[in-house]
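A.B. asks: I have a structure here, written as structure tokens, and I will follow up with some questions on it.
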Amino acid sequence: MKTKIYLNLLAAGMLAFMASCAGDENIDRNKGKETDNSSALTSFSSVSPNRLMKYTPRTSMGGHDYLAGSRFYWEPGDNIYVKDDNNALQKSGENNISATQPRARFKVPGAYTAQNTYEVYYTGAAAGATSDKVIISTSQTQTSPNTAKHIGGVGDCGTSTATRVGDHFEFMLNHKAAYLCFLPRVTNAELGKNVFLTKIVVKSDNAIAGDYTLLMGGLSSAPTANAATEITLTTQGTGMVNGPWHDSSNSYVQVPAPGFPLSTTITKLATNAAYMVIAPGTHSLTVDYYIKDPVTQVEGAITKTLPVNQLFEANKVYDITANLTPTDYDDKYYMWDSPQHYWQGYEQYQPKVHRQIDITHYPKVSTDPRWFTPRLAPDYAHNPHMMHCPNVNSILWYIQNGDPHWDNKTLWSTMGHLYCKGIWMKKSTNIPGYDWEKAPDGQDWRIVQYPTVVGNLSNVPLTDSEKDSYFYLPCLGRYMHGELVVGDYGLYWSNTAGLADPTADGGYWFPSLYFYENYITLHYDNGTRAQKIWREDMVPTK
């Protein structure tokens with residue numbers, strides 16, 4: 001005769017884990033603690049939740065504590081399988097799960113009279129999962145920070161042995177997947193409030209996802225089908241935030257938040273903890289964190305490499321911290337050889353995003369200390385912040401022999417926003433024949449005036465090892481008549497003086513480096529245009 005039994009899951013409690021990652025982008029070699037399944041369970045009908053707080057079965061995760069532990073809960077739609085007296089796996093039918101809850105009771109068909117213990121399997125809620133098949137998904141989605149309601153549908157699983165207690169059975173689930181908890185931060189507070197984590201892509205040297213067979217001892221050592229070495233966790237945002245600046249309305253467009261906030265300078269679970277399920281085993285992982293600025297619409301990846309051949313054990317959570325702060329460049333722009341920067345004394349009015357404009361407070365007359373200095377060649381810049389800018393000869397060496405390469409992947413920031421365009425040029429020490437006193441053609445163009453030279457700008461990306469011989473110049477743009485243009489091109493002053501010309505704005509032209517995608521040149525620009533200053537082989541950062 002077949003009987004229905006109640007399998008009481010006493011699931012309230014904490015799954016205690018140690019830190020898996022004490023330092024940035026590293027996983028602590030001290031392994032986390034497993035669920036303590038050794039103590040006897042009491043009847044569901046008589047136990048107090050407070051007596052069970054040290055235990056954790058399944059199936060969503062919540063209340064995770066950095067370097068400490070986590071709690072797991074059951075979710076609507078969860079089921080278990082029990083191997084009956086006929087050695088058949090029976091799927092549970094009716095249960096009492098009405099919401100996220102710490103305990104659950106299942107009714108399971110089948111005969112359970114021959115023995116006092118039975119095998120229990122939980123294979124998750126993924127579409128396609130069966131009594132012994134677990135699917136660890138390559139596409140996982142988390143809808144809010146520091147919650148893991150999604151894990152049951154993307155690969156969470158476990159087994160247990162149910163023990164007869166009177167007229168029912170009780171069991172404690174042992175999890176058989178491994179869990180990653182990502183904890184990113186941005187130490188630049190001005191930038192952090194404007195950028196969001198959109199997704200995390202984990203790449204492995206071996207399979208971490210696919211279809212696995214679940215046995216009492218754990219998952220099969222390799223997938224039985226659909227093996228994958230890459231998992232993407234999408235981190236969905238909520239609410240509306242500032243989008244692109246709309247110059248005609250003089251306001252930001254409101255757009256949906258593109259992901260989890262990165263508005264924390266320290267590791268903080270509540271702000272953006274993100275959870276991923278992977279197959280246990282020894283893996284070498286790299287992690288791509290995708291961040292986006294909804295104002296500039298720039299999105300890109302920052303890659304971190306974890307220690308190689310790291311063991312990720314079943315039933316453990318691994319905390320992985322990451323500093324996602326890109327290089328930050330200052331907000332100071334100068335007319336040519338001006339004693340003061342363009343917004344000095346009026347910083348509170350300075351436009352900070354592309355196409356913002358302030359028509360009142362920018363320098364307009366030559367008596368303003370922010371105005372350019374009208375020097376003629378063969379003179380040079382005298383103000384200390386411009387004296388060390390490359391001269392025209394140096395710029396010609398960079399353009400013609402510095403092998404410039406366009407780069408639209410490297411992330412950087414300025415004035416609290418994210419950008420990604422710039423160029424790489426060889427450092428002067430890596431340019432054969434480089435000479436401050438003479439250009440590549442042998443002439444001193446500080447005296448022989450007015451070269452306008454166009455170079456070749458390659459679109460072939462440099463490798464990381466090649467970049468060691470180059471330096472980076474971001475597309476920091478300019479100010480003109482109080483308007484900021486930033487993110488698409490670069491303008492960098494030379495320290496070489498210019499020439500008088502009544503057609504120029506302000507009456508003078510001065511040489512500068514100018515570049516954008518597919519184009520690089522030494523040209524002459526209005527002295528009133530506020531550009532960036534630089535030095536040989538470097539652009540000053542904050």
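If you're wondering about the labels, chains in the structure tokens are A, B, ... by order shown, residues count from 1 in each chain, ligands from 1 in order shown.
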Per residue of region 440-500 of chain A within 12 Å of region 234-251 of chain A, which atom pair is closest and at what distance in Å (one decimal), using only C-alpha atoms, listed by chain and increasing number, as a tab-separated table?

C.D. replies:
```
residue	atom	partner	partner_atom	distance
A:Glu483	CA	A:Asp247	CA	10.5
A:Leu484	CA	A:Asp247	CA	11.3
A:Val485	CA	A:Trp245	CA	11.9
```

A.B. asks: List the spatial neighbours of region 464-473 of chain A as a PyMOL selection string - criterion: any atom at most 10 Å away, only C-alpha atoms, same-chain residues fewer than 6 positions off excluded.

C.D. replies: chain A and resi 402-407+410+421-431+490-492+515+534+536-540

A.B. asks: What lies within 12 Å of Tyr346 (chain A) using only C-alpha atoms, ignoring chain neighbours under 4 positions off, as a ChimeraX atom specification?

C.D. replies: /A:332,340-342,350-351,358,360-363,370,482

A.B. asks: Counting only C-alpha atoms, what is within 12 Å of Arg529 (chain A), bar same-chain residues fewer than 4 positions away, as number ranges by chain?

C.D. replies: A: 333-338, 341-342, 362-364, 370-372, 477-485, 491-493, 504-512, 524-525

A.B. asks: Export C-alpha atoms of the chosen residues as an mmCIF file, in the first residue's frame?

C.D. replies:
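Result file follows (again.cif):
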```cif
data_model
loop_
_atom_site.group_PDB
_atom_site.id
_atom_site.type_symbol
_atom_site.label_atom_id
_atom_site.label_comp_id
_atom_site.auth_asym_id
_atom_site.auth_seq_id
_atom_site.Cartn_x
_atom_site.Cartn_y
_atom_site.Cartn_z
ATOM 1 C CA TYR A 333 41.707 73.056 -18.427
ATOM 2 C CA TYR A 334 43.764 76.047 -19.565
ATOM 3 C CA MET A 335 43.886 78.618 -22.267
ATOM 4 C CA TRP A 336 47.421 78.609 -23.705
ATOM 5 C CA ASP A 337 49.953 79.538 -20.977
ATOM 6 C CA SER A 338 47.279 81.130 -18.788
ATOM 7 C CA HIS A 341 42.846 77.416 -15.041
ATOM 8 C CA TYR A 342 39.652 78.118 -16.972
ATOM 9 C CA TYR A 362 34.231 81.745 -18.237
ATOM 10 C CA PRO A 363 37.102 84.173 -19.086
ATOM 11 C CA LYS A 364 36.186 86.749 -21.762
ATOM 12 C CA ARG A 370 42.604 82.944 -16.784
ATOM 13 C CA TRP A 371 43.233 84.449 -20.249
ATOM 14 C CA PHE A 372 45.976 83.097 -22.526
ATOM 15 C CA GLY A 477 38.078 67.362 -24.938
ATOM 16 C CA ARG A 478 37.959 71.113 -24.271
ATOM 17 C CA TYR A 479 36.008 74.167 -23.102
ATOM 18 C CA MET A 480 35.070 76.883 -25.598
ATOM 19 C CA HIS A 481 32.944 79.910 -24.698
ATOM 20 C CA GLY A 482 31.948 78.130 -21.467
ATOM 21 C CA GLU A 483 30.807 74.880 -23.110
ATOM 22 C CA LEU A 484 32.327 71.482 -22.294
ATOM 23 C CA VAL A 485 32.874 68.888 -25.015
ATOM 24 C CA LEU A 491 43.265 68.340 -27.350
ATOM 25 C CA TYR A 492 46.623 68.809 -25.611
ATOM 26 C CA TRP A 493 48.650 72.025 -25.687
ATOM 27 C CA ALA A 504 41.786 83.570 -34.736
ATOM 28 C CA ASP A 505 39.496 83.847 -31.728
ATOM 29 C CA GLY A 506 41.496 86.127 -29.437
ATOM 30 C CA GLY A 507 43.913 86.983 -32.269
ATOM 31 C CA TYR A 508 46.449 84.131 -31.773
ATOM 32 C CA TRP A 509 46.998 80.524 -32.860
ATOM 33 C CA PHE A 510 48.956 78.045 -30.756
ATOM 34 C CA PRO A 511 50.105 74.484 -31.597
ATOM 35 C CA SER A 512 48.479 71.463 -29.977
ATOM 36 C CA TYR A 524 47.071 75.238 -34.519
ATOM 37 C CA ASP A 525 44.160 76.253 -32.351
#
```

A.B. asks: What separation in Å, quoted to one decimal, exists between CA of Tyr419 (chain A) and CA of Thr296 (chain A)?

C.D. replies: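 CA of Thr296 (chain A) lies 7.1 Å from CA of Tyr419 (chain A).
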
A.B. asks: Can you check which residues of region 263-483 of chain A DSSP gives as alpha helix (DSSP H) on the backbone and send them as a ChimeraX atom specification?

C.D. replies: /A:269-272,384-387,392-401,464-467

A.B. asks: Grab the CA of Asp205 (chain A) to CA of Tyr289 (chain A) distance for me, in Å with one decimal place.

C.D. replies: 18.0 Å

A.B. asks: How many Å separate CA of Tyr329 (chain A) from CA of Val460 (chain A)?

C.D. replies: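 So the two atoms, CA of Tyr329 (chain A) and CA of Val460 (chain A), lie 24.8 Å apart.
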
A.B. asks: Looking at only C-alpha atoms, which of A:Gly217, A:Pro145, A:Gly433, A:Gly153 is the one that sits closest to Asn272 (chain A)?

C.D. replies: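 Result for the nearest residue to Asn272 (chain A): A:Pro145.
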
A.B. asks: Which residues, written as a PDB file with N, CA and C atoms, in the first residue's frame, have at least one atom at most 10 Å from Asp441 (chain A), with only C-alpha atoms counted and residues fewer than 6 positions away on the same chain left out?

C.D. replies:
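Result file is selection_15.pdb:
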```pdb
ATOM      1  N   ASN A 393      58.319  69.835 -31.677  1.00  0.00           N
ATOM      2  CA  ASN A 393      59.186  68.749 -32.134  1.00  0.00           C
ATOM      3  C   ASN A 393      58.777  67.427 -31.482  1.00  0.00           C
ATOM      4  N   LEU A 396      55.584  66.026 -32.897  1.00  0.00           N
ATOM      5  CA  LEU A 396      55.809  65.419 -34.213  1.00  0.00           C
ATOM      6  C   LEU A 396      56.428  64.023 -34.085  1.00  0.00           C
ATOM      7  N   TRP A 397      57.344  63.848 -33.136  1.00  0.00           N
ATOM      8  CA  TRP A 397      57.904  62.518 -32.905  1.00  0.00           C
ATOM      9  C   TRP A 397      56.807  61.535 -32.479  1.00  0.00           C
TER      10      TRP A 397
END
```

A.B. asks: Restricting the calculation to only C-alpha atoms, which member of A:Val486, A:Leu173, A:Leu262, A:Val295 is positioned closest to Gly192 (chain A)?

C.D. replies: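 Using only C-alpha atoms, Gly192 (chain A) sits closest to A:Leu262.
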
A.B. asks: May I ask which of the residues A:Leu462, A:Ala148, A:Leu183, A:Leu89 is the closest one to Leu269 (chain A), counting only C-alpha atoms?

C.D. replies: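 Closest residue, counting only C-alpha atoms: A:Leu183.
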
A.B. asks: As a PyMOL selection string, please: every residue in region 123-323 of chain A that a backbone DSSP assignment puts in strand (DSSP E or B).

C.D. replies: chain A and resi 133-136+139-142+148+158-165+168-171+174-175+178-185+196-204+209-215+218-219+225-228+230-235+240-246+251-256+260-261+274-278+281-283+285-293+298-305+310-312+317-323

A.B. asks: Report as number ranges by chain all protein, DNA and RNA residues lying within 10 Å of Pro378 (chain A), evaluated on only C-alpha atoms, omitting residues in the same chain fewer than 4 positions from it.

C.D. replies: A: 445-449, 496-499
